[in-house]
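Undergrad: What follows is run10.txt, compact mmCIF, C-alpha atoms.
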# COMPACT_ATOMS: atom_id res chain seq x y z
CA MET A 147 37.31 27.28 45.53
CA LYS A 148 38.23 29.30 42.51
CA LEU A 149 41.54 27.64 42.23
CA SER A 150 40.22 24.12 42.40
CA LYS A 151 37.64 24.93 39.67
CA SER A 152 40.12 26.41 37.28
CA LYS A 153 42.37 23.45 37.84
CA GLY A 154 39.76 21.41 36.04
CA SER A 155 38.15 19.27 38.67
CA LYS A 156 35.85 16.80 36.94
CA MET A 157 32.20 17.77 36.39
CA PRO A 158 29.79 16.10 38.78
CA GLN A 159 28.55 12.85 37.27
CA LEU A 160 24.97 13.41 36.14
CA PRO A 161 23.05 10.35 35.00
CA MET A 162 22.74 11.04 31.27
CA GLU A 163 20.94 7.87 30.21
CA PRO A 164 17.33 8.96 30.96
CA LEU A 165 17.94 12.21 29.12
CA VAL A 166 19.35 10.40 26.11
CA ASP A 167 16.38 8.01 26.12
CA CYS A 168 13.96 10.91 26.19
CA VAL A 169 15.74 12.78 23.46
CA PHE A 170 15.84 9.74 21.19
CA LEU A 171 12.15 9.19 21.72
CA LEU A 172 11.45 12.76 20.66
CA LEU A 173 13.74 12.36 17.68
CA ILE A 174 11.91 9.25 16.49
CA PHE A 175 8.53 10.91 17.02
CA PHE A 176 9.43 13.95 14.94
CA MET A 177 11.04 11.82 12.25
CA ILE A 178 7.91 9.74 11.83
CA SER A 179 5.50 12.66 11.87
CA ASN A 180 7.68 14.31 9.26
CA ILE A 181 7.04 11.53 6.77
CA LEU A 182 3.56 12.99 6.27
CA LYS A 183 4.95 15.88 4.29
CA ILE A 184 5.48 14.66 0.75
CA PRO A 185 5.86 17.31 -1.92
CA PRO A 186 3.87 16.91 -5.14
CA PRO A 187 5.72 16.80 -8.47
CA PHE A 188 4.21 20.16 -9.47
CA THR A 189 3.05 23.26 -7.64
CA VAL A 190 -0.65 23.58 -6.93
CA ASP A 191 -2.23 26.95 -6.22
CA LEU A 192 -5.20 26.18 -4.01
CA PRO A 193 -8.35 28.31 -4.12
CA GLU A 194 -9.36 30.44 -1.17
CA SER A 195 -12.50 30.11 0.87
CA LYS A 196 -13.81 31.45 4.14
CA ALA A 197 -15.95 28.42 4.88
CA ARG A 198 -13.67 25.61 5.92
CA SER A 199 -13.60 22.36 7.80
CA GLU A 200 -10.44 20.81 9.11
CA PHE A 201 -8.93 17.50 8.13
CA ALA A 202 -6.01 15.52 9.42
CA ARG A 203 -2.83 15.52 7.39
CA LYS A 204 -2.44 12.03 6.03
CA ARG A 205 -0.74 10.34 3.13
CA TYR A 206 -2.38 9.79 -0.26
CA ASN A 207 -3.65 13.19 -1.28
CA VAL A 208 -4.64 13.72 -4.89
CA TYR A 209 -3.05 16.71 -6.57
CA ILE A 210 -4.53 18.20 -9.74
CA HIS A 211 -2.44 20.58 -11.79
CA GLU A 212 -4.07 23.31 -13.85
CA SER A 213 -3.09 21.41 -17.00
CA GLY A 214 -5.14 18.46 -15.77
CA GLN A 215 -2.19 16.35 -14.66
CA VAL A 216 -2.96 14.19 -11.66
CA SER A 217 -0.66 12.83 -8.99
CA VAL A 218 -1.14 10.98 -5.73
CA ASP A 219 1.40 12.49 -3.34
CA ASP A 220 4.62 12.44 -5.32
CA VAL A 221 3.59 9.69 -7.74
CA ARG A 222 2.59 11.06 -11.11
CA MET A 223 -0.41 9.28 -12.63
CA ALA A 224 -0.38 8.65 -16.36
CA ASP A 225 -4.17 8.74 -16.52
CA LEU A 226 -7.24 8.44 -14.32
CA ASP A 227 -7.33 4.66 -14.65
CA ALA A 228 -3.84 4.46 -13.17
CA MET A 229 -5.02 6.69 -10.34
CA PHE A 230 -8.08 4.51 -9.81
CA ASN A 231 -5.93 1.37 -9.53
CA TYR A 232 -3.54 3.10 -7.15
CA LEU A 233 -6.38 4.32 -4.92
CA LEU A 234 -7.96 0.89 -4.97
CA LEU A 235 -4.70 -0.58 -3.62
CA LYS A 236 -4.39 2.03 -0.89
CA LYS A 237 -8.05 2.43 -0.04
CA LYS A 238 -7.74 0.80 3.39
CA GLU A 239 -5.32 3.52 4.41
CA ILE A 240 -7.50 6.37 3.15
CA GLU A 241 -10.09 7.71 5.52
CA THR A 242 -10.88 10.96 3.75
CA LEU A 243 -9.48 11.53 0.30
CA ILE A 244 -8.28 15.09 0.07
CA ILE A 245 -8.27 16.51 -3.42
CA ARG A 246 -5.90 19.41 -3.84
CA ALA A 247 -6.96 20.93 -7.11
CA ASP A 248 -5.37 24.04 -8.56
CA LYS A 249 -7.77 26.96 -8.71
CA ASN A 250 -7.38 27.15 -12.47
CA ALA A 251 -7.96 23.43 -12.96
CA GLU A 252 -10.98 22.40 -14.98
CA HIS A 253 -13.99 21.28 -13.01
CA GLY A 254 -14.36 18.28 -15.32
CA VAL A 255 -11.05 16.77 -14.18
CA VAL A 256 -11.95 17.34 -10.53
CA VAL A 257 -15.28 15.58 -10.98
CA ASP A 258 -13.60 12.73 -12.89
CA VAL A 259 -11.20 12.25 -9.97
CA MET A 260 -14.11 12.29 -7.53
CA GLU A 261 -16.00 9.74 -9.62
CA ARG A 262 -13.02 7.38 -9.70
CA ALA A 263 -12.63 7.74 -5.95
CA LYS A 264 -16.27 6.86 -5.56
CA GLN A 265 -15.79 3.81 -7.78
CA ALA A 266 -12.89 2.79 -5.55
CA GLU A 267 -15.38 2.96 -2.65
CA ILE A 268 -13.77 5.95 -1.00
CA ASP A 269 -16.83 7.79 0.24
CA ASN A 270 -15.33 10.65 2.17
CA LEU A 271 -14.00 13.33 -0.11
CA ALA A 272 -12.84 16.84 0.56
CA LEU A 273 -11.62 19.65 -1.62
CA ALA A 274 -8.60 21.36 -0.13
CA ILE A 275 -8.46 25.11 0.14
CA SER A 276 -5.60 27.48 0.72
CA GLU A 277 -4.03 27.44 4.16
CA ASP A 278 -3.31 31.14 3.99
CA ASP A 279 -5.67 33.50 5.71
CA TYR A 280 -8.67 34.47 3.69
CA LYS A 281 -8.01 37.74 1.94
CA GLY A 282 -11.50 38.39 0.59
CA MET A 283 -12.74 38.30 -2.97
CA MET B 62 46.09 -22.64 29.20
CA GLN B 63 47.84 -20.11 31.18
CA THR B 64 46.79 -17.31 28.85
CA HIS B 65 43.22 -18.51 29.06
CA THR B 66 43.06 -18.20 32.82
CA HIS B 67 44.67 -14.88 32.52
CA GLU B 68 41.95 -13.72 30.15
CA GLU B 69 39.22 -15.06 32.39
CA GLN B 70 40.66 -13.11 35.21
CA MET B 71 40.64 -10.01 33.05
CA VAL B 72 36.99 -10.46 32.13
CA THR B 73 35.83 -10.88 35.71
CA GLU B 74 37.83 -7.90 36.68
CA ARG B 75 36.26 -5.83 33.94
CA SER B 76 32.69 -6.81 34.75
CA GLU B 77 33.22 -5.86 38.32
CA ARG B 78 34.48 -2.47 37.37
CA ARG B 79 32.09 0.39 36.49
CA ALA B 80 31.13 0.93 32.89
CA PRO B 81 33.76 2.93 31.02
CA ASN B 82 32.98 6.59 30.95
CA VAL B 83 31.99 7.39 27.39
CA ASP B 84 31.68 11.08 26.62
CA MET B 85 28.00 11.54 25.70
CA THR B 86 28.06 15.29 25.12
CA PRO B 87 28.81 15.39 21.36
CA MET B 88 26.15 12.78 20.67
CA ILE B 89 23.56 14.65 22.68
CA ASP B 90 24.46 17.86 20.86
CA CYS B 91 23.93 16.08 17.56
CA VAL B 92 20.63 14.56 18.59
CA PHE B 93 19.32 17.90 19.84
CA LEU B 94 20.22 19.47 16.54
CA LEU B 95 18.29 16.75 14.71
CA ILE B 96 15.29 17.22 17.01
CA ILE B 97 15.23 20.92 16.35
CA PHE B 98 15.44 20.30 12.60
CA PHE B 99 12.55 17.83 12.60
CA MET B 100 10.47 20.04 14.89
CA LEU B 101 10.78 22.94 12.51
CA ALA B 102 10.05 20.76 9.50
CA THR B 103 6.87 19.30 11.00
CA THR B 104 3.50 20.99 10.67
CA PHE B 105 0.72 20.04 12.99
CA ALA B 106 -1.92 22.47 11.78
CA PRO B 107 -4.87 20.60 10.29
CA LEU B 108 -5.53 20.86 6.59
CA PRO B 109 -8.41 23.17 5.64
CA GLY B 110 -10.93 21.86 3.15
CA ILE B 111 -14.59 21.51 2.21
CA ARG B 112 -16.29 18.16 2.47
CA VAL B 113 -18.20 17.03 -0.62
CA LYS B 114 -20.72 14.30 -1.34
CA LEU B 115 -21.12 12.46 -4.58
CA PRO B 116 -24.46 11.02 -5.59
CA PRO B 117 -24.45 7.21 -5.44
CA PRO B 118 -23.03 5.63 -8.59
CA GLY B 119 -25.23 3.90 -11.10
CA GLN B 120 -28.27 5.05 -12.99
CA PRO B 121 -29.56 8.44 -11.97
CA SER B 122 -32.86 8.08 -10.17
CA ARG B 123 -36.07 9.07 -11.92
CA GLU B 124 -37.43 11.06 -9.06
CA LYS B 125 -36.44 14.65 -8.74
CA PRO B 126 -33.76 15.09 -6.09
CA LYS B 127 -34.59 17.27 -3.15
CA GLY B 128 -32.62 20.36 -2.40
CA LEU B 129 -31.12 23.09 -4.49
CA ILE B 130 -29.72 22.46 -7.94
CA LEU B 131 -27.24 24.94 -9.31
CA ARG B 132 -26.27 24.76 -12.96
CA ILE B 133 -23.10 26.38 -14.19
CA SER B 134 -22.45 26.72 -17.90
CA ASN B 135 -19.03 26.52 -19.48
CA PRO B 136 -17.39 29.93 -19.62
CA VAL B 137 -17.71 31.50 -23.06
CA GLY B 138 -16.39 34.53 -24.87
CA GLY B 139 -13.26 35.30 -22.90
CA SER B 140 -14.95 35.47 -19.50
CA ASP B 141 -13.51 33.09 -16.98
CA GLU B 142 -16.76 32.49 -15.15
CA GLY B 143 -19.67 30.39 -16.29
CA VAL B 144 -23.26 31.55 -15.97
CA MET B 145 -24.91 30.16 -12.86
CA ILE B 146 -28.59 29.26 -12.75
CA LEU B 147 -30.35 28.32 -9.52
CA ASN B 148 -34.02 27.32 -9.90
CA ASN B 149 -34.38 29.13 -13.27
CA GLU B 150 -32.84 32.26 -11.84
CA ILE B 151 -29.46 33.62 -12.80
CA VAL B 152 -27.23 34.19 -9.79
CA SER B 153 -23.82 35.77 -9.53
CA LEU B 154 -21.10 35.22 -6.98
CA ASP B 155 -22.05 38.52 -5.38
CA ASN B 156 -25.70 37.74 -4.74
CA ALA B 157 -25.36 33.96 -4.30
CA PHE B 158 -24.98 34.24 -0.54
CA GLY B 159 -28.27 36.12 -0.25
CA VAL B 160 -30.04 33.69 -2.56
CA PHE B 161 -28.86 30.72 -0.50
CA MET B 162 -29.86 32.49 2.71
CA ASN B 163 -33.37 33.06 1.39
CA ALA B 164 -33.81 29.48 0.21
CA ALA B 165 -36.36 27.32 2.01
CA PRO B 166 -34.84 25.66 5.10
CA GLU B 167 -35.68 22.14 3.89
CA ALA B 168 -34.02 22.85 0.54
CA LYS B 169 -30.85 23.92 2.28
CA ASP B 170 -30.14 20.34 3.28
CA MET B 171 -28.42 19.61 -0.01
CA LEU B 172 -26.96 21.59 -2.89
CA ILE B 173 -26.17 19.81 -6.11
CA ILE B 174 -23.76 21.56 -8.42
CA GLN B 175 -24.10 20.63 -12.05
CA ALA B 176 -21.28 22.33 -13.87
CA GLY B 177 -19.74 22.10 -17.29
CA ARG B 178 -16.35 20.53 -17.71
CA GLN B 179 -14.55 23.76 -18.56
CA VAL B 180 -15.71 25.67 -15.50
CA VAL B 181 -12.71 26.80 -13.47
CA HIS B 182 -12.30 25.07 -10.12
CA ASP B 183 -11.96 28.42 -8.35
CA GLN B 184 -15.53 29.37 -9.24
CA ILE B 185 -16.82 26.08 -7.83
CA ILE B 186 -14.97 26.64 -4.56
CA LYS B 187 -16.27 30.20 -4.36
CA ILE B 188 -19.88 29.12 -4.80
CA MET B 189 -19.36 26.27 -2.29
CA ASP B 190 -18.01 28.85 0.14
CA ARG B 191 -21.15 30.99 -0.25
CA ALA B 192 -23.40 27.97 0.18
CA LYS B 193 -21.59 26.66 3.27
CA ARG B 194 -21.71 30.07 4.91
CA ALA B 195 -25.42 30.38 4.15
CA GLY B 196 -26.03 27.12 5.99
CA VAL B 197 -26.21 24.49 3.24
CA VAL B 198 -25.39 21.19 4.92
CA LYS B 199 -24.22 18.95 2.09
CA ILE B 200 -22.79 19.76 -1.29
CA GLY B 201 -22.78 17.27 -4.12
CA PHE B 202 -21.74 17.20 -7.73
CA ALA B 203 -23.46 15.96 -10.82
CA MET B 204 -21.88 15.95 -14.22
CA VAL B 205 -23.49 17.68 -17.19
CA GLN B 206 -23.61 15.13 -19.95
How does the structure come out when it is put into structure tokens?

TA:
Amino acid sequence: MKLSKSKGSKMPQLPMEPLVDCVFLLLIFFMISNILKIPPPFTVDLPESKARSEFARKRYNVYIHESGQVSVDDVRMADLDAMFNYLLLKKKEIETLIIRADKNAEHGVVVDVMERAKQAEIDNLALAISEDDYKGM
Amino acid sequence: MQTHTHEEQMVTERSERRAPNVDMTPMIDCVFLLIIFFMLATTFAPLPGIRVKLPPPGQPSREKPKGLILRISNPVGGSDEGVMILNNEIVSLDNAFGVFMNAAPEAKDMLIIQAGRQVVHDQIIKIMDRAKRAGVVKIGFAMVQ
């Protein structure tokens, strides 16, 4: 037995095709779900809160930098009118608009963004909070 | 002509034979590596957030809105927090939770936050956190003109 093995008898023929099919399916699934992660053009430090609801991760999140700069996913918006037009185009794909505002952002900008979203007939809005565990205030 | 028949013969011979044995192992290794990469790069945890309501657009209604109205002034004099006034009473972040808890149950249906433009977003989230935990159902925003 030992001898015949070391001589290099061929491996038993396993049917590989179903495995390959499965693996490709998984690959495609993970590739597509990975598209949802689009980094913003600037870093946003989200505020913390103990009270929280949960929302699905989708495309078209609004990011607000502490300087007041606004972007939708990775697309920088020159001003709020540009953002309004962009949201109007994509409004069918937006169920809940998630606003990820920096904790040092001005409230005025946040409310302006919410008003434009309302004008674009996006009624469900949410303010994102930090995903880290609540550390207390 | 002769070559043609020869080729035909070859083809039939080939189709009768089993498929050539391609070595799948390197490809499967590759694909597994990709799967592991995409699995690690994917996050499935839902996004935490606080739902907000905006009052309907258009002219503000004449009638006094029901619910609690919290006014927050712009921060002045080096402090980074604005003064908060709920029903003519100054509240702070520390006692806001108690104030919301003691509010009338019918008033707790809706909280309208009317804050100045320069108020820091963090303060708004903190007060929304207190309100949500004290049982306020909906939170809306109104702009100070």

Undergrad: With all atoms listed in the file considered, list every residue of chain B at most 9 Å from chain A, as a ChimeraX atom specification.

TA: /B:85,89,92-93,95-97,99-100,102-115,117-118,176-187,189-194,202-204

Undergrad: Quote the spacing between CA of Asp219 in chain A and CA of Ala266 in chain A in Å to one decimal place.

TA: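 Between CA of Asp219 in chain A and CA of Ala266 in chain A the gap is 17.4 Å.
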
Undergrad: Could you jot down the CA of Leu226 in chain A to CA of Val137 in chain B separation for me, Å, one decimal place?

TA: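 Separation between CA of Leu226 in chain A and CA of Val137 in chain B: 26.8 Å.
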
Undergrad: Near range 159-168 of chain B, within 7 Å and counting only C-alpha atoms, which residues show up once chain neighbours fewer than 3 positions away are dropped, as a list of chain:residue names?

TA: B:Lys127, B:Gly128, B:Leu129, B:Asn156, B:Met171, B:Ala192, B:Ala195

Undergrad: Find the spatial neighbours of Ile173 in chain B, counting only C-alpha atoms, within a cut-off of 6 Å - ignore same-chain residues fewer than 5 positions away - and output them as a PyMOL selection string.

TA: chain B and resi 130+200-202

Undergrad: Go ahead and save the picked residues with C-alpha atoms, as an mmCIF file, in the coordinates of the input.

TA:
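The result, written out as selection.cif:
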data_model
loop_
_atom_site.group_PDB
_atom_site.id
_atom_site.type_symbol
_atom_site.label_atom_id
_atom_site.label_comp_id
_atom_site.auth_asym_id
_atom_site.auth_seq_id
_atom_site.Cartn_x
_atom_site.Cartn_y
_atom_site.Cartn_z
ATOM 1 C CA ILE B 130 -29.720 22.460 -7.940
ATOM 2 C CA ILE B 200 -22.790 19.760 -1.290
ATOM 3 C CA GLY B 201 -22.780 17.270 -4.120
ATOM 4 C CA PHE B 202 -21.740 17.200 -7.730
#

Undergrad: Which residue, B:Met88, B:Arg132, B:Val198, B:Ile188, has the smallest gap to Glu150 in chain B when you use only C-alpha atoms?

TA: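 Of B:Met88, B:Arg132, B:Val198, B:Ile188, the one nearest Glu150 in chain B, counting only C-alpha atoms, is B:Arg132.
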
Undergrad: If you measure from CA of Ile184 in chain A to CA of Glu267 in chain A, what distance in Å do you get, rounded to one decimal?

TA: 24.2 Å

Undergrad: Which polymer residues, protein or nucleic acid, are no farther than 9 Å from (5.8, 16.8, -11.8), counting all atoms listed in the file, as a ChimeraX atom specification?

TA: /A:186-189,215,217,220-222

Undergrad: List the spatial neighbours of Lys236 in chain A as a list of chain:residue names - criterion: any atom at most 10 Å away, only C-alpha atoms, same-chain residues fewer than 6 positions off excluded.

TA: A:Arg205, A:Tyr206, A:Phe230, A:Ala266
